>>> print(open('start-v2.cif').read())   # mmCIF, C-alpha atoms and all ligand atoms
data_start
#
loop_
_atom_site.group_PDB
_atom_site.id
_atom_site.type_symbol
_atom_site.label_atom_id
_atom_site.label_comp_id
_atom_site.auth_asym_id
_atom_site.auth_seq_id
_atom_site.Cartn_x
_atom_site.Cartn_y
_atom_site.Cartn_z
ATOM 1 C CA MET A 11 152.737 164.933 53.010
ATOM 2 C CA LEU A 12 153.336 167.214 55.971
ATOM 3 C CA ILE A 13 151.565 165.931 59.065
ATOM 4 C CA GLU A 14 149.977 168.563 61.253
ATOM 5 C CA TYR A 15 150.248 167.707 64.930
ATOM 6 C CA ALA A 16 147.718 168.855 67.514
ATOM 7 C CA VAL A 17 150.060 167.797 70.309
ATOM 8 C CA ARG A 18 153.814 167.238 70.157
ATOM 9 C CA LEU A 19 156.206 166.097 72.812
ATOM 10 C CA ASP A 20 159.889 166.551 72.171
ATOM 11 C CA ALA A 21 162.312 164.786 74.556
ATOM 12 C CA VAL A 22 159.967 165.281 77.496
ATOM 13 C CA THR A 23 161.340 164.123 80.829
ATOM 14 C CA ARG A 24 159.372 164.336 84.062
ATOM 15 C CA ALA A 25 161.078 163.311 87.273
ATOM 16 C CA TYR A 26 159.693 163.374 90.797
ATOM 17 C CA GLY A 27 161.776 163.719 93.965
ATOM 18 C CA THR A 28 165.536 163.946 94.295
ATOM 19 C CA GLY A 29 168.512 161.752 95.207
ATOM 20 C CA GLU A 30 167.740 158.167 96.188
ATOM 21 C CA GLY A 31 164.002 158.753 95.937
ATOM 22 C CA ARG A 32 164.098 160.210 92.421
ATOM 23 C CA VAL A 33 161.603 158.615 90.052
ATOM 24 C CA VAL A 34 161.803 159.266 86.316
ATOM 25 C CA ALA A 35 158.162 158.941 85.278
ATOM 26 C CA LEU A 36 158.852 160.038 81.677
ATOM 27 C CA ASP A 37 162.265 159.569 80.138
ATOM 28 C CA ALA A 38 162.944 161.784 77.092
ATOM 29 C CA VAL A 39 159.675 160.904 75.369
ATOM 30 C CA SER A 40 159.093 162.249 71.867
ATOM 31 C CA ALA A 41 155.698 161.697 70.290
ATOM 32 C CA GLY A 42 153.349 163.432 67.883
ATOM 33 C CA PHE A 43 149.559 163.270 67.940
ATOM 34 C CA PRO A 44 148.251 164.162 64.448
ATOM 35 C CA ALA A 45 145.430 166.699 64.264
ATOM 36 C CA GLY A 46 142.125 164.844 63.895
ATOM 37 C CA SER A 47 143.459 161.556 65.259
ATOM 38 C CA PHE A 48 142.346 159.422 68.187
ATOM 39 C CA THR A 49 145.280 157.900 70.094
ATOM 40 C CA ALA A 50 145.125 155.530 73.037
ATOM 41 C CA VAL A 51 148.056 155.495 75.460
ATOM 42 C CA MET A 52 148.649 152.163 77.151
ATOM 43 C CA GLY A 53 151.277 150.475 79.248
ATOM 44 C CA PRO A 54 151.861 148.607 82.489
ATOM 45 C CA SER A 55 150.958 150.270 85.776
ATOM 46 C CA GLY A 56 153.496 152.988 86.623
ATOM 47 C CA SER A 57 154.783 153.232 83.032
ATOM 48 C CA GLY A 58 154.071 156.972 82.888
ATOM 49 C CA LYS A 59 150.714 157.175 81.084
ATOM 50 C CA SER A 60 149.044 159.714 83.370
ATOM 51 C CA THR A 61 152.242 161.735 83.592
ATOM 52 C CA LEU A 62 152.402 161.886 79.788
ATOM 53 C CA LEU A 63 148.772 163.014 79.624
ATOM 54 C CA HIS A 64 149.271 165.661 82.328
ATOM 55 C CA CYS A 65 152.398 167.040 80.654
ATOM 56 C CA ALA A 66 150.748 167.019 77.214
ATOM 57 C CA ALA A 67 147.711 168.860 78.590
ATOM 58 C CA GLY A 68 149.712 171.496 80.443
ATOM 59 C CA LEU A 69 148.503 170.286 83.842
ATOM 60 C CA GLU A 70 152.100 169.493 84.819
ATOM 61 C CA ARG A 71 155.327 171.080 83.662
ATOM 62 C CA PRO A 72 157.988 168.670 82.381
ATOM 63 C CA SER A 73 161.415 168.669 84.063
ATOM 64 C CA SER A 74 162.895 169.124 80.591
ATOM 65 C CA GLY A 75 161.835 168.916 76.961
ATOM 66 C CA ARG A 76 159.169 170.693 75.006
ATOM 67 C CA VAL A 77 155.391 170.290 74.695
ATOM 68 C CA GLU A 78 153.461 171.930 71.892
ATOM 69 C CA VAL A 79 149.649 172.037 71.868
ATOM 70 C CA ALA A 80 147.639 173.624 69.042
ATOM 71 C CA GLY A 81 150.804 175.289 67.786
ATOM 72 C CA SER A 82 151.860 176.812 71.134
ATOM 73 C CA ASP A 83 154.999 175.888 73.061
ATOM 74 C CA LEU A 84 153.530 175.462 76.553
ATOM 75 C CA ALA A 85 156.749 176.429 78.359
ATOM 76 C CA ALA A 86 156.854 179.732 76.494
ATOM 77 C CA LEU A 87 153.327 180.678 77.576
ATOM 78 C CA PRO A 88 152.887 182.865 80.635
ATOM 79 C CA GLU A 89 150.591 181.260 83.259
ATOM 80 C CA ARG A 90 147.610 183.363 82.178
ATOM 81 C CA ARG A 91 147.919 182.347 78.501
ATOM 82 C CA LEU A 92 148.362 178.714 79.539
ATOM 83 C CA THR A 93 145.151 178.940 81.582
ATOM 84 C CA LEU A 94 143.317 180.379 78.567
ATOM 85 C CA LEU A 95 144.669 177.659 76.271
ATOM 86 C CA ARG A 96 143.564 174.970 78.727
ATOM 87 C CA ARG A 97 140.187 176.612 79.145
ATOM 88 C CA ASP A 98 139.330 177.363 75.537
ATOM 89 C CA ARG A 99 141.161 174.855 73.353
ATOM 90 C CA ILE A 100 141.575 171.758 75.515
ATOM 91 C CA GLY A 101 138.952 169.504 77.106
ATOM 92 C CA PHE A 102 139.503 166.984 79.914
ATOM 93 C CA VAL A 103 137.629 163.882 80.941
ATOM 94 C CA PHE A 104 138.670 161.933 84.028
ATOM 95 C CA GLN A 105 137.907 158.470 85.345
ATOM 96 C CA SER A 106 136.098 159.895 88.369
ATOM 97 C CA PHE A 107 133.854 162.291 86.355
ATOM 98 C CA ASN A 108 134.716 165.250 88.679
ATOM 99 C CA LEU A 109 131.219 166.733 88.543
ATOM 100 C CA VAL A 110 130.039 169.233 91.153
ATOM 101 C CA SER A 111 127.539 167.249 93.220
ATOM 102 C CA SER A 112 125.348 170.230 94.145
ATOM 103 C CA LEU A 113 124.851 171.303 90.522
ATOM 104 C CA THR A 114 122.444 169.894 87.944
ATOM 105 C CA ALA A 115 123.636 168.255 84.714
ATOM 106 C CA GLU A 116 122.877 171.499 82.921
ATOM 107 C CA GLN A 117 124.813 173.597 85.412
ATOM 108 C CA ASN A 118 127.764 171.194 85.365
ATOM 109 C CA ALA A 119 127.911 171.154 81.572
ATOM 110 C CA GLY A 120 127.764 174.966 81.414
ATOM 111 C CA LEU A 121 130.397 175.466 84.114
ATOM 112 C CA PRO A 122 133.410 176.105 81.812
ATOM 113 C CA LEU A 123 131.504 178.951 80.143
ATOM 114 C CA ARG A 124 130.541 180.408 83.509
ATOM 115 C CA LEU A 125 134.158 180.162 84.689
ATOM 116 C CA ALA A 126 135.185 181.987 81.517
ATOM 117 C CA GLY A 127 132.827 184.795 82.494
ATOM 118 C CA ARG A 128 130.362 183.919 79.741
ATOM 119 C CA ARG A 129 126.754 183.320 80.557
ATOM 120 C CA PRO A 130 126.028 179.822 79.292
ATOM 121 C CA GLY A 131 123.109 179.944 76.841
ATOM 122 C CA ARG A 132 120.487 177.413 77.858
ATOM 123 C CA ALA A 133 119.984 176.275 74.257
ATOM 124 C CA ALA A 134 123.719 175.598 73.792
ATOM 125 C CA VAL A 135 123.990 173.649 77.052
ATOM 126 C CA ARG A 136 120.859 171.637 76.280
ATOM 127 C CA ALA A 137 122.210 170.889 72.801
ATOM 128 C CA ALA A 138 125.508 169.708 74.338
ATOM 129 C CA LEU A 139 123.598 167.393 76.686
ATOM 130 C CA ALA A 140 121.410 166.166 73.820
ATOM 131 C CA ASP A 141 124.580 165.410 71.821
ATOM 132 C CA VAL A 142 125.607 162.959 74.535
ATOM 133 C CA GLY A 143 122.092 161.467 74.743
ATOM 134 C CA LEU A 144 121.008 163.178 77.961
ATOM 135 C CA GLN A 145 117.934 165.066 76.867
ATOM 136 C CA GLY A 146 115.394 164.970 79.683
ATOM 137 C CA ARG A 147 118.122 164.716 82.351
ATOM 138 C CA GLU A 148 119.082 168.388 82.403
ATOM 139 C CA ARG A 149 117.789 168.995 85.927
ATOM 140 C CA HIS A 150 119.252 165.839 87.465
ATOM 141 C CA ARG A 151 122.111 166.099 89.927
ATOM 142 C CA PRO A 152 125.067 163.682 89.662
ATOM 143 C CA ALA A 153 123.703 161.440 92.456
ATOM 144 C CA GLN A 154 120.536 160.960 90.383
ATOM 145 C CA LEU A 155 122.497 159.770 87.346
ATOM 146 C CA SER A 156 124.239 156.479 86.571
ATOM 147 C CA GLY A 157 128.030 156.398 86.224
ATOM 148 C CA GLY A 158 127.750 156.315 82.445
ATOM 149 C CA GLN A 159 125.356 159.264 82.464
ATOM 150 C CA GLN A 160 127.663 161.215 84.775
ATOM 151 C CA GLN A 161 130.568 160.600 82.416
ATOM 152 C CA ARG A 162 128.425 161.815 79.536
ATOM 153 C CA VAL A 163 127.734 165.038 81.473
ATOM 154 C CA ALA A 164 131.509 165.321 81.950
ATOM 155 C CA ILE A 165 131.990 164.889 78.181
ATOM 156 C CA ALA A 166 129.356 167.550 77.446
ATOM 157 C CA ARG A 167 131.188 169.827 79.894
ATOM 158 C CA ALA A 168 134.545 169.091 78.213
ATOM 159 C CA LEU A 169 133.134 169.862 74.753
ATOM 160 C CA ILE A 170 131.028 172.930 75.571
ATOM 161 C CA THR A 171 133.888 175.328 74.762
ATOM 162 C CA GLY A 172 134.542 173.671 71.381
ATOM 163 C CA PRO A 173 138.060 172.395 72.160
ATOM 164 C CA GLU A 174 140.502 171.142 69.527
ATOM 165 C CA VAL A 175 142.041 168.529 71.767
ATOM 166 C CA LEU A 176 140.319 166.261 74.257
ATOM 167 C CA PHE A 177 142.442 164.487 76.866
ATOM 168 C CA ALA A 178 140.807 161.559 78.627
ATOM 169 C CA ASP A 179 142.398 159.724 81.573
ATOM 170 C CA GLU A 180 140.780 156.289 81.958
ATOM 171 C CA PRO A 181 137.370 157.672 80.935
ATOM 172 C CA THR A 182 135.764 154.225 81.083
ATOM 173 C CA GLY A 183 137.697 152.951 84.111
ATOM 174 C CA ALA A 184 134.683 153.221 86.419
ATOM 175 C CA LEU A 185 132.016 152.125 83.918
ATOM 176 C CA ASP A 186 130.357 148.858 82.937
ATOM 177 C CA SER A 187 130.915 147.646 79.391
ATOM 178 C CA SER A 188 127.673 149.014 77.971
ATOM 179 C CA SER A 189 128.275 152.536 79.367
ATOM 180 C CA SER A 190 131.898 152.263 78.251
ATOM 181 C CA ARG A 191 130.798 151.620 74.687
ATOM 182 C CA THR A 192 128.578 154.705 74.727
ATOM 183 C CA VAL A 193 131.387 156.887 76.060
ATOM 184 C CA LEU A 194 133.934 155.470 73.595
ATOM 185 C CA ARG A 195 131.567 156.041 70.661
ATOM 186 C CA LEU A 196 131.220 159.670 71.771
ATOM 187 C CA LEU A 197 135.004 160.100 71.893
ATOM 188 C CA ARG A 198 135.340 158.342 68.530
ATOM 189 C CA GLY A 199 132.666 160.632 67.056
ATOM 190 C CA PHE A 200 134.415 163.740 68.381
ATOM 191 C CA ALA A 201 137.780 162.885 66.808
ATOM 192 C CA GLY A 202 138.202 163.697 63.156
ATOM 193 C CA ALA A 203 139.031 166.155 60.474
ATOM 194 C CA GLY A 204 135.501 167.470 59.910
ATOM 195 C CA GLY A 205 134.326 170.901 61.045
ATOM 196 C CA ALA A 206 136.237 174.154 61.195
ATOM 197 C CA ARG A 207 139.263 172.588 62.908
ATOM 198 C CA PRO A 208 140.383 168.968 63.246
ATOM 199 C CA ARG A 209 139.536 167.477 66.626
ATOM 200 C CA THR A 210 142.015 165.264 68.382
ATOM 201 C CA VAL A 211 141.607 162.780 71.228
ATOM 202 C CA VAL A 212 144.365 161.426 73.479
ATOM 203 C CA MET A 213 143.094 158.774 75.871
ATOM 204 C CA VAL A 214 144.881 156.817 78.575
ATOM 205 C CA THR A 215 143.322 153.417 79.149
ATOM 206 C CA HIS A 216 144.052 150.011 80.632
ATOM 207 C CA ASP A 217 141.390 148.363 78.512
ATOM 208 C CA PRO A 218 142.377 146.828 75.138
ATOM 209 C CA VAL A 219 138.725 146.979 74.013
ATOM 210 C CA ALA A 220 138.689 150.736 74.664
ATOM 211 C CA ALA A 221 142.049 151.160 72.906
ATOM 212 C CA ALA A 222 140.644 149.422 69.816
ATOM 213 C CA TYR A 223 138.336 152.442 69.275
ATOM 214 C CA ALA A 224 141.429 154.564 68.591
ATOM 215 C CA ASP A 225 143.288 155.024 65.290
ATOM 216 C CA ARG A 226 146.548 154.272 66.994
ATOM 217 C CA VAL A 227 147.905 152.937 70.261
ATOM 218 C CA LEU A 228 151.089 154.216 71.842
ATOM 219 C CA PHE A 229 152.627 151.821 74.344
ATOM 220 C CA LEU A 230 154.715 153.083 77.241
ATOM 221 C CA ALA A 231 157.027 151.016 79.409
ATOM 222 C CA ASP A 232 159.311 152.407 82.104
ATOM 223 C CA GLY A 233 158.651 155.984 81.051
ATOM 224 C CA ARG A 234 159.601 155.411 77.413
ATOM 225 C CA ILE A 235 157.687 154.749 74.209
ATOM 226 C CA ALA A 236 157.945 150.993 73.763
ATOM 227 C CA ASP A 237 155.820 150.514 70.660
ATOM 228 C CA ALA A 238 152.998 151.885 68.518
ATOM 229 C CA MET A 239 150.179 150.112 66.713
ATOM 230 C CA ASP A 240 147.970 151.496 63.931
ATOM 231 C CA ALA A 241 144.387 150.308 63.366
ATOM 232 C CA PRO A 242 144.533 148.320 66.618
ATOM 233 C CA SER A 243 142.426 145.285 67.429
ATOM 234 C CA ALA A 244 141.561 144.474 71.052
ATOM 235 C CA GLU A 245 143.330 141.103 70.733
ATOM 236 C CA GLY A 246 146.480 142.630 69.244
ATOM 237 C CA VAL A 247 146.599 145.302 71.937
ATOM 238 C CA ALA A 248 146.019 142.790 74.746
ATOM 239 C CA ALA A 249 148.846 140.580 73.466
ATOM 240 C CA ARG A 250 151.296 143.501 73.179
ATOM 241 C CA LEU A 251 150.354 144.783 76.628
ATOM 242 C CA ALA A 252 150.804 141.356 78.185
ATOM 243 C CA GLY A 253 154.292 141.184 76.653
ATOM 244 C CA LEU A 254 155.216 144.598 78.076
ATOM 245 C CA GLU A 255 153.849 143.679 81.501
ATOM 246 C CA GLN A 256 156.009 140.553 81.490
ATOM 247 C CA ASP A 257 159.109 142.527 80.457
ATOM 248 C CA THR A 258 158.442 145.138 83.160
ATOM 249 C CA ALA A 259 157.941 142.473 85.851
ATOM 250 C CA ALA A 260 161.141 140.680 84.749
ATOM 251 C CA ALA A 261 163.151 143.926 84.825
ATOM 252 C CA ALA A 262 161.822 145.176 88.198
ATOM 253 C CA PRO A 263 164.268 144.889 91.073
ATOM 254 C CA ALA A 264 163.075 143.092 94.200
ATOM 255 C CA GLY A 265 160.808 145.504 96.043
ATOM 256 C CA GLY A 266 159.480 146.843 92.775
ATOM 257 C CA ALA A 267 160.548 150.520 92.839
ATOM 258 C CA ARG A 268 162.056 151.922 89.730
HETATM 259 N N1 LIG B 301 153.462 163.103 92.264
HETATM 260 C C1 LIG B 301 154.307 162.076 92.183
HETATM 261 N N2 LIG B 301 155.330 161.949 93.054
HETATM 262 C C2 LIG B 301 156.213 160.929 92.978
HETATM 263 N N3 LIG B 301 156.137 159.951 92.052
HETATM 264 C C3 LIG B 301 155.141 160.022 91.163
HETATM 265 C C4 LIG B 301 154.164 161.060 91.186
HETATM 266 N N4 LIG B 301 153.282 160.844 90.172
HETATM 267 C C5 LIG B 301 153.682 159.712 89.562
HETATM 268 N N5 LIG B 301 154.799 159.216 90.145
HETATM 269 C C6 LIG B 301 155.538 158.013 89.743
HETATM 270 O O1 LIG B 301 155.825 158.119 88.367
HETATM 271 C C7 LIG B 301 155.662 156.858 87.722
HETATM 272 C C8 LIG B 301 154.648 156.979 86.601
HETATM 273 O O2 LIG B 301 153.369 157.278 87.181
HETATM 274 P P1 LIG B 301 152.044 157.425 86.300
HETATM 275 O O3 LIG B 301 150.923 157.738 87.239
HETATM 276 O O4 LIG B 301 152.300 158.376 85.187
HETATM 277 O O5 LIG B 301 151.908 155.952 85.717
HETATM 278 P P2 LIG B 301 150.658 155.261 84.999
HETATM 279 O O6 LIG B 301 151.223 154.505 83.845
HETATM 280 O O7 LIG B 301 149.606 156.280 84.710
HETATM 281 O O8 LIG B 301 150.209 154.249 86.132
HETATM 282 P P3 LIG B 301 148.777 153.572 86.431
HETATM 283 O O9 LIG B 301 148.442 152.758 85.228
HETATM 284 O O10 LIG B 301 149.065 152.700 87.622
HETATM 285 O O11 LIG B 301 147.802 154.670 86.697
HETATM 286 C C9 LIG B 301 155.272 155.871 88.808
HETATM 287 O O12 LIG B 301 156.445 155.204 89.234
HETATM 288 C C10 LIG B 301 154.711 156.746 89.897
HETATM 289 O O13 LIG B 301 154.885 156.174 91.155
#
>>> encode(input="start-v2.cif", output="structure tokens")
Amino acid sequence: MLIEYAVRLDAVTRAYGTGEGRVVALDAVSAGFPAGSFTAVMGPSGSGKSTLLHCAAGLERPSSGRVEVAGSDLAALPERRLTLLRRDRIGFVFQSFNLVSSLTAEQNAGLPLRLAGRRPGRAAVRAALADVGLQGRERHRPAQLSGGQQQRVAIARALITGPEVLFADEPTGALDSSSSRTVLRLLRGFAGAGGARPRTVVMVTHDPVAAAYADRVLFLADGRIADAMDAPSAEGVAARLAGLEQDTAAAAPAGGAR
């Protein structure tokens, strides 16, 4: 059966700096994220997880290699088309929520539509907030909401444009375990083949419990894919991660820099 990929990386390298100070954050990484799947990306600190996410989402351009999202080769897109792809077909959720503190939950959630020059319909925004369990909180500002509630506003904002791919960078990193569960269930519920188009989630996390919500875990070490695990359990993921952390620590030169 032919697998349809929502996101594909082909020999993607991303290096920072030059000469002595050059750091290869991603080293010829090839990976496919099937349409409708939920993938967690894990690995020791500095292994390249955020860089992979940023390259896959078109937030950063790779030094070499090819990234395809929703059938488009990102490098071939002019800046304007890339902006439209990011705006209309991709959603982002970050660890730090990134809400606008002076705006209400409703205004924050409707912001992508406003930025696209569309007047956000109140009913649609309220429905998006209700979908994440925030009915009755529409007029609250971020400071009046808990961390978990703020992240749910951020999810409503990410989903308001009906994206095909949701990228999440440590979405539960700042949350307690109960709020984390709520957020992870929302991400899990978003991913899938149902609806007009399959919906795909790619999530970077440090937390094996969070990774166990995914269909598949991709492990990075030293900027390369080190392993993959289907139908992950938190225990299995924790054990694999501990092994990779040991290998990375053993391989690191004194002083730590790669
Ligand atoms: N803008 C940058 N300039 C220079 N080096 C960078 C930059 N961004 C990342 N790096 C380096 O690239 C490597 C990979 O970083 P990245 O943030 O992708 O790792 P990570 O796995 O997400 O780490 P963590 O789990 O600690 O967040 C690291 O060695 C990091 O120091």
>>> atom_distance(input="start-v2.cif", atom1="atom CA of Arg234 of chain A", atom2="atom CA of Ala220 of chain A")
21.6 Å
>>> closest_residue(input="start-v2.cif", among="A:Gly31, A:Gly157, A:Gly120, A:Gly46", to="ligand LIG 301 (chain B)", atoms="all atoms listed in the file")
A:Gly31
>>> atom_distance(input="start-v2.cif", atom1="atom CA of Ser82 of chain A", atom2="atom CA of Tyr223 of chain A")
27.9 Å
>>> residues_near_point(input="start-v2.cif", point="(147.6, 151.8, 75.5)", cutoff="7 Å", atoms="all atoms listed in the file", output="VMD selection string")
chain A and resid 50 to 53 214 to 216 221 227 to 229
>>> atom_distance(input="start-v2.cif", atom1="atom CA of Arg90 of chain A", atom2="atom C2 of ligand LIG 301 (chain B)")
26.3 Å
>>> closest_residue(input="start-v2.cif", among="A:Arg250, A:Arg97, A:Arg195, A:Arg76", to="Leu169 of chain A", atoms="all atoms listed in the file")
A:Arg97
>>> decode(input="start-v2.cif", residues="segment 163-186 of chain A", atoms="N, CA and C atoms", output="compact mmCIF listing (two decimals), in the first residue's frame")
# COMPACT_ATOMS: atom_id res chain seq x y z
N VAL A 163 -6.32 27.46 24.84
CA VAL A 163 -6.60 28.61 23.95
C VAL A 163 -5.63 28.55 22.76
N ALA A 164 -4.37 28.24 23.06
CA ALA A 164 -3.36 28.17 21.99
C ALA A 164 -3.71 27.06 20.99
N ILE A 165 -4.27 25.95 21.50
CA ILE A 165 -4.68 24.87 20.58
C ILE A 165 -5.87 25.32 19.73
N ALA A 166 -6.83 25.99 20.36
CA ALA A 166 -7.99 26.50 19.61
C ALA A 166 -7.49 27.46 18.52
N ARG A 167 -6.51 28.29 18.88
CA ARG A 167 -5.96 29.24 17.90
C ARG A 167 -5.26 28.49 16.76
N ALA A 168 -4.54 27.42 17.11
CA ALA A 168 -3.81 26.65 16.08
C ALA A 168 -4.78 25.94 15.14
N LEU A 169 -5.97 25.59 15.66
CA LEU A 169 -6.89 24.77 14.85
C LEU A 169 -7.96 25.59 14.13
N ILE A 170 -8.01 26.89 14.42
CA ILE A 170 -9.12 27.71 13.91
C ILE A 170 -9.12 27.78 12.38
N THR A 171 -7.95 27.64 11.76
CA THR A 171 -7.88 27.72 10.29
C THR A 171 -8.09 26.36 9.64
N GLY A 172 -8.31 25.32 10.46
CA GLY A 172 -8.51 23.97 9.89
C GLY A 172 -7.26 23.41 9.26
N PRO A 173 -6.12 23.41 9.97
CA PRO A 173 -4.87 22.94 9.37
C PRO A 173 -4.86 21.43 9.16
N GLU A 174 -3.97 20.99 8.25
CA GLU A 174 -3.78 19.55 8.04
C GLU A 174 -2.71 18.99 8.95
N VAL A 175 -1.77 19.85 9.31
CA VAL A 175 -0.65 19.39 10.13
C VAL A 175 -0.50 20.31 11.34
N LEU A 176 -0.40 19.70 12.51
CA LEU A 176 -0.17 20.47 13.73
C LEU A 176 1.21 20.11 14.27
N PHE A 177 2.05 21.13 14.44
CA PHE A 177 3.37 20.93 15.03
C PHE A 177 3.32 21.44 16.46
N ALA A 178 3.80 20.64 17.39
CA ALA A 178 3.76 21.04 18.80
C ALA A 178 5.14 20.85 19.40
N ASP A 179 5.71 21.92 19.96
CA ASP A 179 7.05 21.86 20.55
C ASP A 179 6.91 21.88 22.06
N GLU A 180 7.06 20.74 22.70
CA GLU A 180 6.92 20.60 24.15
C GLU A 180 5.61 21.21 24.66
N PRO A 181 4.47 20.81 24.08
CA PRO A 181 3.22 21.48 24.43
C PRO A 181 2.81 21.29 25.89
N THR A 182 3.36 20.26 26.54
CA THR A 182 2.99 20.03 27.94
C THR A 182 4.15 20.34 28.89
N GLY A 183 5.22 20.93 28.34
CA GLY A 183 6.43 21.15 29.13
C GLY A 183 6.23 22.04 30.34
N ALA A 184 5.23 22.94 30.26
CA ALA A 184 5.01 23.88 31.37
C ALA A 184 3.76 23.52 32.17
N LEU A 185 3.22 22.32 31.96
CA LEU A 185 1.92 21.99 32.58
C LEU A 185 2.03 20.88 33.61
N ASP A 186 1.10 20.88 34.58
CA ASP A 186 1.05 19.77 35.54
C ASP A 186 0.45 18.55 34.82
